[in-house]
$ cat query07.csv   # CSV, C-alpha atoms
chain,number,residue,atom,x,y,z
V,25,MET,CA,54.0,-16.3,-13.6
V,26,ASP,CA,56.1,-19.1,-12.1
V,27,LYS,CA,54.8,-21.6,-14.6
V,28,ILE,CA,55.6,-19.2,-17.5
V,29,ARG,CA,59.1,-18.8,-16.2
V,30,GLU,CA,59.6,-22.5,-15.8
V,31,ILE,CA,58.4,-23.1,-19.4
V,32,GLN,CA,60.8,-20.3,-20.7
V,33,ASN,CA,63.7,-21.9,-18.9
V,34,GLU,CA,62.9,-25.3,-20.3
V,35,LEU,CA,62.7,-24.0,-23.9
V,36,THR,CA,65.9,-22.0,-23.8
V,37,GLU,CA,69.2,-23.7,-24.1
V,38,THR,CA,71.4,-22.6,-21.1
V,39,LYS,CA,75.2,-22.7,-21.3
V,40,SER,CA,77.4,-22.7,-18.3
V,41,PHE,CA,79.5,-19.6,-17.9
V,42,PRO,CA,81.8,-18.7,-15.0
V,43,LYS,CA,80.4,-16.6,-12.1
V,44,PHE,CA,81.1,-12.9,-12.5
V,45,SER,CA,79.6,-9.6,-11.3
V,46,SER,CA,79.9,-5.9,-11.7
V,47,GLY,CA,83.5,-4.6,-11.6
V,48,ASP,CA,85.0,-7.7,-13.1
V,49,THR,CA,87.0,-7.5,-16.3
V,50,VAL,CA,85.7,-10.1,-18.8
V,51,ASN,CA,86.5,-11.2,-22.3
V,52,VAL,CA,83.4,-12.1,-24.2
V,53,SER,CA,83.6,-14.2,-27.4
V,54,TYR,CA,80.6,-13.4,-29.6
V,55,LYS,CA,79.7,-14.9,-33.0
V,56,ILE,CA,79.0,-12.5,-35.8
V,57,LYS,CA,77.3,-13.3,-39.1
V,58,GLU,CA,78.4,-11.2,-42.1
V,59,GLY,CA,76.5,-12.4,-45.1
V,60,GLU,CA,77.2,-16.1,-45.3
V,61,LYS,CA,80.4,-16.0,-43.3
V,62,GLU,CA,80.6,-16.4,-39.6
V,63,ARG,CA,83.4,-15.2,-37.3
V,64,THR,CA,84.1,-14.8,-33.6
V,65,GLN,CA,84.7,-11.3,-32.2
V,66,ASN,CA,86.2,-10.7,-28.7
V,67,PHE,CA,85.0,-7.8,-26.6
V,68,GLN,CA,87.0,-7.2,-23.4
V,69,GLY,CA,85.9,-4.7,-20.8
V,70,VAL,CA,84.5,-4.1,-17.4
V,71,VAL,CA,81.1,-5.4,-16.4
V,72,LEU,CA,78.8,-2.4,-15.4
V,73,GLN,CA,75.8,-4.4,-14.5
V,74,ARG,CA,73.9,-7.7,-14.6
V,75,ARG,CA,70.2,-7.5,-14.9
V,76,GLY,CA,67.2,-9.8,-15.3
V,77,GLN,CA,67.0,-13.5,-14.4
V,78,GLY,CA,66.7,-16.8,-16.2
V,79,SER,CA,66.4,-16.6,-20.0
V,80,THR,CA,66.1,-12.8,-20.0
V,81,GLU,CA,69.3,-12.1,-18.1
V,82,THR,CA,71.7,-9.6,-19.7
V,83,PHE,CA,75.0,-8.0,-18.7
V,84,THR,CA,76.6,-4.7,-19.9
V,85,VAL,CA,80.3,-4.5,-20.7
V,86,ARG,CA,82.2,-1.2,-21.2
V,87,LYS,CA,85.6,-0.8,-22.8
V,88,MET,CA,87.6,2.2,-24.0
V,89,SER,CA,88.4,2.2,-27.7
V,90,GLY,CA,90.9,5.0,-28.1
V,91,ASN,CA,89.4,7.9,-26.2
V,92,ILE,CA,85.8,6.8,-26.8
V,93,GLY,CA,83.9,4.6,-24.3
V,94,VAL,CA,82.0,1.7,-26.0
V,95,GLU,CA,79.3,-0.3,-24.2
V,96,ARG,CA,77.6,-3.4,-25.3
V,97,ILE,CA,74.7,-5.4,-23.8
V,98,PHE,CA,74.9,-9.2,-24.1
V,99,PRO,CA,71.9,-11.4,-23.4
V,100,MET,CA,73.0,-14.5,-21.4
V,101,GLY,CA,70.6,-16.8,-23.4
V,102,SER,CA,71.9,-15.7,-26.8
V,103,PRO,CA,73.0,-18.6,-29.1
V,104,PHE,CA,75.7,-16.2,-30.5
V,105,LEU,CA,77.4,-16.0,-27.1
V,106,GLU,CA,80.3,-18.5,-27.3
V,107,ASP,CA,82.5,-18.0,-24.2
V,108,ILE,CA,83.0,-15.6,-21.3
V,109,LYS,CA,86.4,-15.5,-19.6
V,110,VAL,CA,86.9,-13.6,-16.4
V,111,THR,CA,90.3,-11.8,-16.6
V,112,LYS,CA,90.2,-9.9,-13.3
V,113,LYS,CA,87.9,-9.9,-10.3
V,114,GLY,CA,87.1,-6.3,-9.3
V,115,TYR,CA,86.2,-5.0,-5.9
V,116,VAL,CA,83.2,-2.6,-6.1
V,117,ARG,CA,80.6,-1.7,-3.6
V,118,ARG,CA,77.7,-1.3,-6.0
V,119,ALA,CA,75.7,-3.8,-8.2
V,120,ARG,CA,75.5,-1.2,-11.0
V,121,ILE,CA,78.6,0.9,-11.5
V,122,PHE,CA,77.3,3.6,-13.8
V,123,TYR,CA,79.5,6.2,-12.1
V,124,PHE,CA,82.3,4.4,-14.0
V,125,ARG,CA,81.2,6.2,-17.2
V,126,GLN,CA,82.4,9.6,-15.9
V,127,LEU,CA,85.8,8.5,-14.7
V,128,THR,CA,88.9,8.8,-16.9
V,129,GLY,CA,92.6,8.1,-16.5
V,130,LYS,CA,93.8,6.8,-13.2
V,131,ALA,CA,90.5,7.4,-11.5
V,132,ALA,CA,88.9,4.8,-13.8
V,133,ARG,CA,90.8,1.9,-12.1
V,134,ILE,CA,89.0,-0.7,-10.1
V,135,ARG,CA,90.7,-2.4,-7.2
V,136,GLU,CA,91.4,-6.0,-7.8
V,137,LYS,CA,90.0,-8.7,-5.5
V,138,ARG,CA,92.8,-11.0,-4.3
V,139,SER,CA,92.1,-14.4,-3.1
V,140,PHE,CA,93.6,-15.2,0.2
V,141,VAL,CA,95.6,-18.4,0.2
V,142,LYS,CA,96.8,-19.7,3.6
V,143,ALA,CA,100.5,-20.7,3.5
V,144,ASP,CA,101.5,-23.6,5.7
$ encode --input "query07.csv" --output "structure tokens"
Amino acid sequence: MDKIREIQNELTETKSFPKFSSGDTVNVSYKIKEGEKERTQNFQGVVLQRRGQGSTETFTVRKMSGNIGVERIFPMGSPFLEDIKVTKKGYVRRARIFYFRQLTGKAARIREKRSFVKAD
């Protein structure tokens, strides 16, 4: 199995993306082909989970569009994935925050991680 994984990782082109985890708010730029035209679509939302490893790794992003929750699963090894920008770092205590689907309004807020900078 290890040799198969090594060969898969060699064959797939890996892009470098910033580190992010569940609870973070990200802006994903994704290429979409419509006929012969190609455009970039942005999808901004909260990361619910990261799953898999290597070339088969995926992450799920959830956003609210009006009053409707929209989730999208992005494969990390996809050639259509252009860019991932981490907007906010969230503080959550779970790796998969599916409980977030039932929360609405003020309850659907995630505490922001603040980096501690020592002042001299």
$ atom_distance --input "query07.csv" --atom1 "atom CA of Val85 of chain V" --atom2 "atom CA of Arg138 of chain V"
21.6 Å
$ residues_around --input "query07.csv" --residues "Gly114 of chain V" --least-positions-apart "6" --cutoff "10 Å" --atoms "all atoms listed in the file" --output "list in words"
Phe44, Ser45, Ser46, Gly47, Asp48, Thr49, Val70, Val71, Arg133, Ile134, Arg135, Glu136, Lys137 and Arg138 of chain V
$ residues_around --input "query07.csv" --residues "Lys55 of chain V" --least-positions-apart "6" --cutoff "7 Å" --atoms "only C-alpha atoms" --output "PyMOL selection string"
chain V and resi 62-65+104-106
$ residues_near_point --input "query07.csv" --point "(88.1, 9.0, -24.9)" --cutoff "12 Å" --atoms "all atoms listed in the file" --output "list of chain:residue names"
V:Lys87, V:Met88, V:Ser89, V:Gly90, V:Asn91, V:Ile92, V:Gly93, V:Val94, V:Arg125, V:Gln126, V:Leu127, V:Thr128, V:Gly129, V:Ala132
$ residues_around --input "query07.csv" --residues "Glu81 of chain V" --least-positions-apart "4" --cutoff "8 Å" --atoms "all atoms listed in the file" --output "JSON, numbers by chain"
{"V": [74, 75, 76, 77, 99, 100, 101]}
$ atom_distance --input "query07.csv" --atom1 "atom CA of Tyr115 of chain V" --atom2 "atom CA of Phe83 of chain V"
17.3 Å
$ atom_distance --input "query07.csv" --atom1 "atom CA of Gly69 of chain V" --atom2 "atom CA of Lys112 of chain V"
10.1 Å
$ decode --input "query07.csv" --residues "chain V" --atoms "C-alpha atoms" --output "mmCIF file, in the first residue's frame"
data_model
loop_
_atom_site.group_PDB
_atom_site.id
_atom_site.type_symbol
_atom_site.label_atom_id
_atom_site.label_comp_id
_atom_site.auth_asym_id
_atom_site.auth_seq_id
_atom_site.Cartn_x
_atom_site.Cartn_y
_atom_site.Cartn_z
ATOM 1 C CA MET V 25 0.000 0.000 0.000
ATOM 2 C CA ASP V 26 2.852 2.383 0.747
ATOM 3 C CA LYS V 27 4.316 1.965 -2.732
ATOM 4 C CA ILE V 28 0.927 2.655 -4.308
ATOM 5 C CA ARG V 29 0.611 5.846 -2.246
ATOM 6 C CA GLU V 30 4.116 6.943 -3.226
ATOM 7 C CA ILE V 31 3.384 6.454 -6.926
ATOM 8 C CA GLN V 32 0.066 8.339 -6.601
ATOM 9 C CA ASN V 33 1.801 11.269 -4.926
ATOM 10 C CA GLU V 34 4.482 11.366 -7.631
ATOM 11 C CA LEU V 35 1.933 11.359 -10.458
ATOM 12 C CA THR V 36 -0.339 14.057 -9.031
ATOM 13 C CA GLU V 37 0.723 17.675 -9.196
ATOM 14 C CA THR V 38 0.654 19.240 -5.739
ATOM 15 C CA LYS V 39 0.146 22.936 -5.186
ATOM 16 C CA SER V 40 1.139 24.657 -1.985
ATOM 17 C CA PHE V 41 -1.825 26.006 -0.050
ATOM 18 C CA PRO V 42 -1.835 27.699 3.362
ATOM 19 C CA LYS V 43 -2.455 25.594 6.448
ATOM 20 C CA PHE V 44 -6.067 25.574 7.557
ATOM 21 C CA SER V 45 -8.332 23.351 9.615
ATOM 22 C CA SER V 46 -11.967 23.025 10.623
ATOM 23 C CA GLY V 47 -13.518 26.214 11.940
ATOM 24 C CA ASP V 48 -11.439 28.461 9.682
ATOM 25 C CA THR V 49 -13.144 30.796 7.231
ATOM 26 C CA VAL V 50 -11.621 30.386 3.775
ATOM 27 C CA ASN V 51 -12.081 31.905 0.340
ATOM 28 C CA VAL V 52 -11.650 29.248 -2.351
ATOM 29 C CA SER V 53 -11.026 30.285 -5.973
ATOM 30 C CA TYR V 54 -12.222 27.533 -8.284
ATOM 31 C CA LYS V 55 -12.041 27.365 -12.094
ATOM 32 C CA ILE V 56 -15.315 26.563 -13.848
ATOM 33 C CA LYS V 57 -15.652 25.590 -17.493
ATOM 34 C CA GLU V 58 -18.865 26.675 -19.213
ATOM 35 C CA GLY V 59 -18.731 25.427 -22.774
ATOM 36 C CA GLU V 60 -15.512 26.805 -24.213
ATOM 37 C CA LYS V 61 -15.251 29.646 -21.716
ATOM 38 C CA GLU V 62 -13.444 29.398 -18.402
ATOM 39 C CA ARG V 63 -14.012 31.608 -15.364
ATOM 40 C CA THR V 64 -13.012 31.745 -11.714
ATOM 41 C CA GLN V 65 -15.658 31.452 -9.021
ATOM 42 C CA ASN V 66 -15.048 32.333 -5.371
ATOM 43 C CA PHE V 67 -16.648 30.338 -2.579
ATOM 44 C CA GLN V 68 -16.255 31.770 0.911
ATOM 45 C CA GLY V 69 -17.349 29.843 3.973
ATOM 46 C CA VAL V 70 -16.405 27.878 7.070
ATOM 47 C CA VAL V 71 -14.394 24.669 6.781
ATOM 48 C CA LEU V 72 -16.414 21.816 8.322
ATOM 49 C CA GLN V 73 -13.856 19.059 7.854
ATOM 50 C CA ARG V 74 -10.670 17.913 6.177
ATOM 51 C CA ARG V 75 -10.533 14.277 5.221
ATOM 52 C CA GLY V 76 -8.183 11.892 3.465
ATOM 53 C CA GLN V 77 -4.488 12.250 2.821
ATOM 54 C CA GLY V 78 -2.124 12.863 -0.035
ATOM 55 C CA SER V 79 -3.722 13.065 -3.456
ATOM 56 C CA THR V 80 -7.161 12.001 -2.188
ATOM 57 C CA GLU V 81 -7.502 14.695 0.470
ATOM 58 C CA THR V 82 -10.715 16.749 0.435
ATOM 59 C CA PHE V 83 -12.215 19.528 2.518
ATOM 60 C CA THR V 84 -15.824 20.627 2.985
ATOM 61 C CA VAL V 85 -16.801 24.317 3.067
ATOM 62 C CA ARG V 86 -20.205 25.618 4.183
ATOM 63 C CA LYS V 87 -21.666 29.044 3.527
ATOM 64 C CA MET V 88 -25.072 30.643 3.944
ATOM 65 C CA SER V 89 -26.679 31.864 0.730
ATOM 66 C CA GLY V 90 -29.681 33.852 1.884
ATOM 67 C CA ASN V 91 -31.375 31.534 4.386
ATOM 68 C CA ILE V 92 -30.120 28.371 2.739
ATOM 69 C CA GLY V 93 -26.930 26.578 3.757
ATOM 70 C CA VAL V 94 -24.712 25.534 0.859
ATOM 71 C CA GLU V 95 -21.897 23.015 1.246
ATOM 72 C CA ARG V 96 -19.250 22.153 -1.278
ATOM 73 C CA ILE V 97 -16.542 19.500 -1.204
ATOM 74 C CA PHE V 98 -13.215 20.445 -2.780
ATOM 75 C CA PRO V 99 -10.506 17.880 -3.617
ATOM 76 C CA MET V 100 -7.041 19.210 -2.732
ATOM 77 C CA GLY V 101 -5.452 17.594 -5.775
ATOM 78 C CA SER V 102 -7.907 19.116 -8.249
ATOM 79 C CA PRO V 103 -6.375 21.033 -11.175
ATOM 80 C CA PHE V 104 -9.390 23.403 -11.036
ATOM 81 C CA LEU V 105 -8.481 24.594 -7.535
ATOM 82 C CA GLU V 106 -6.650 27.890 -8.059
ATOM 83 C CA ASP V 107 -6.196 29.469 -4.671
ATOM 84 C CA ILE V 108 -7.214 29.171 -1.025
ATOM 85 C CA LYS V 109 -7.068 32.229 1.235
ATOM 86 C CA VAL V 110 -7.626 31.909 4.973
ATOM 87 C CA THR V 111 -9.775 34.862 6.024
ATOM 88 C CA LYS V 112 -10.181 33.980 9.723
ATOM 89 C CA LYS V 113 -8.743 31.340 12.008
ATOM 90 C CA GLY V 114 -11.479 29.790 14.117
ATOM 91 C CA TYR V 115 -11.205 28.142 17.508
ATOM 92 C CA VAL V 116 -13.165 24.870 17.613
ATOM 93 C CA ARG V 117 -12.634 21.747 19.691
ATOM 94 C CA ARG V 118 -13.569 19.196 17.048
ATOM 95 C CA ALA V 119 -11.960 18.053 13.805
ATOM 96 C CA ARG V 120 -15.370 17.741 12.136
ATOM 97 C CA ILE V 121 -17.913 20.365 13.092
ATOM 98 C CA PHE V 122 -21.118 18.905 11.647
ATOM 99 C CA TYR V 123 -23.056 20.356 14.600
ATOM 100 C CA PHE V 124 -22.564 23.706 12.822
ATOM 101 C CA ARG V 125 -25.303 22.721 10.328
ATOM 102 C CA GLN V 126 -28.038 22.992 12.968
ATOM 103 C CA LEU V 127 -26.925 26.366 14.315
ATOM 104 C CA THR V 128 -28.514 29.598 13.085
ATOM 105 C CA GLY V 129 -28.140 33.293 13.846
ATOM 106 C CA LYS V 130 -25.807 34.315 16.653
ATOM 107 C CA ALA V 131 -25.303 30.715 17.738
ATOM 108 C CA ALA V 132 -23.582 30.023 14.401
ATOM 109 C CA ARG V 133 -20.583 32.155 15.287
ATOM 110 C CA ILE V 134 -17.144 30.656 15.744
ATOM 111 C CA ARG V 135 -14.715 32.182 18.191
ATOM 112 C CA GLU V 136 -11.728 33.684 16.417
ATOM 113 C CA LYS V 137 -8.188 32.572 17.233
ATOM 114 C CA ARG V 138 -6.023 35.530 18.070
ATOM 115 C CA SER V 139 -2.288 35.301 17.723
ATOM 116 C CA PHE V 140 -0.456 36.493 20.795
ATOM 117 C CA VAL V 141 2.208 39.090 20.006
ATOM 118 C CA LYS V 142 4.527 39.992 22.855
ATOM 119 C CA ALA V 143 4.966 43.757 23.165
ATOM 120 C CA ASP V 144 8.380 45.058 24.215
#
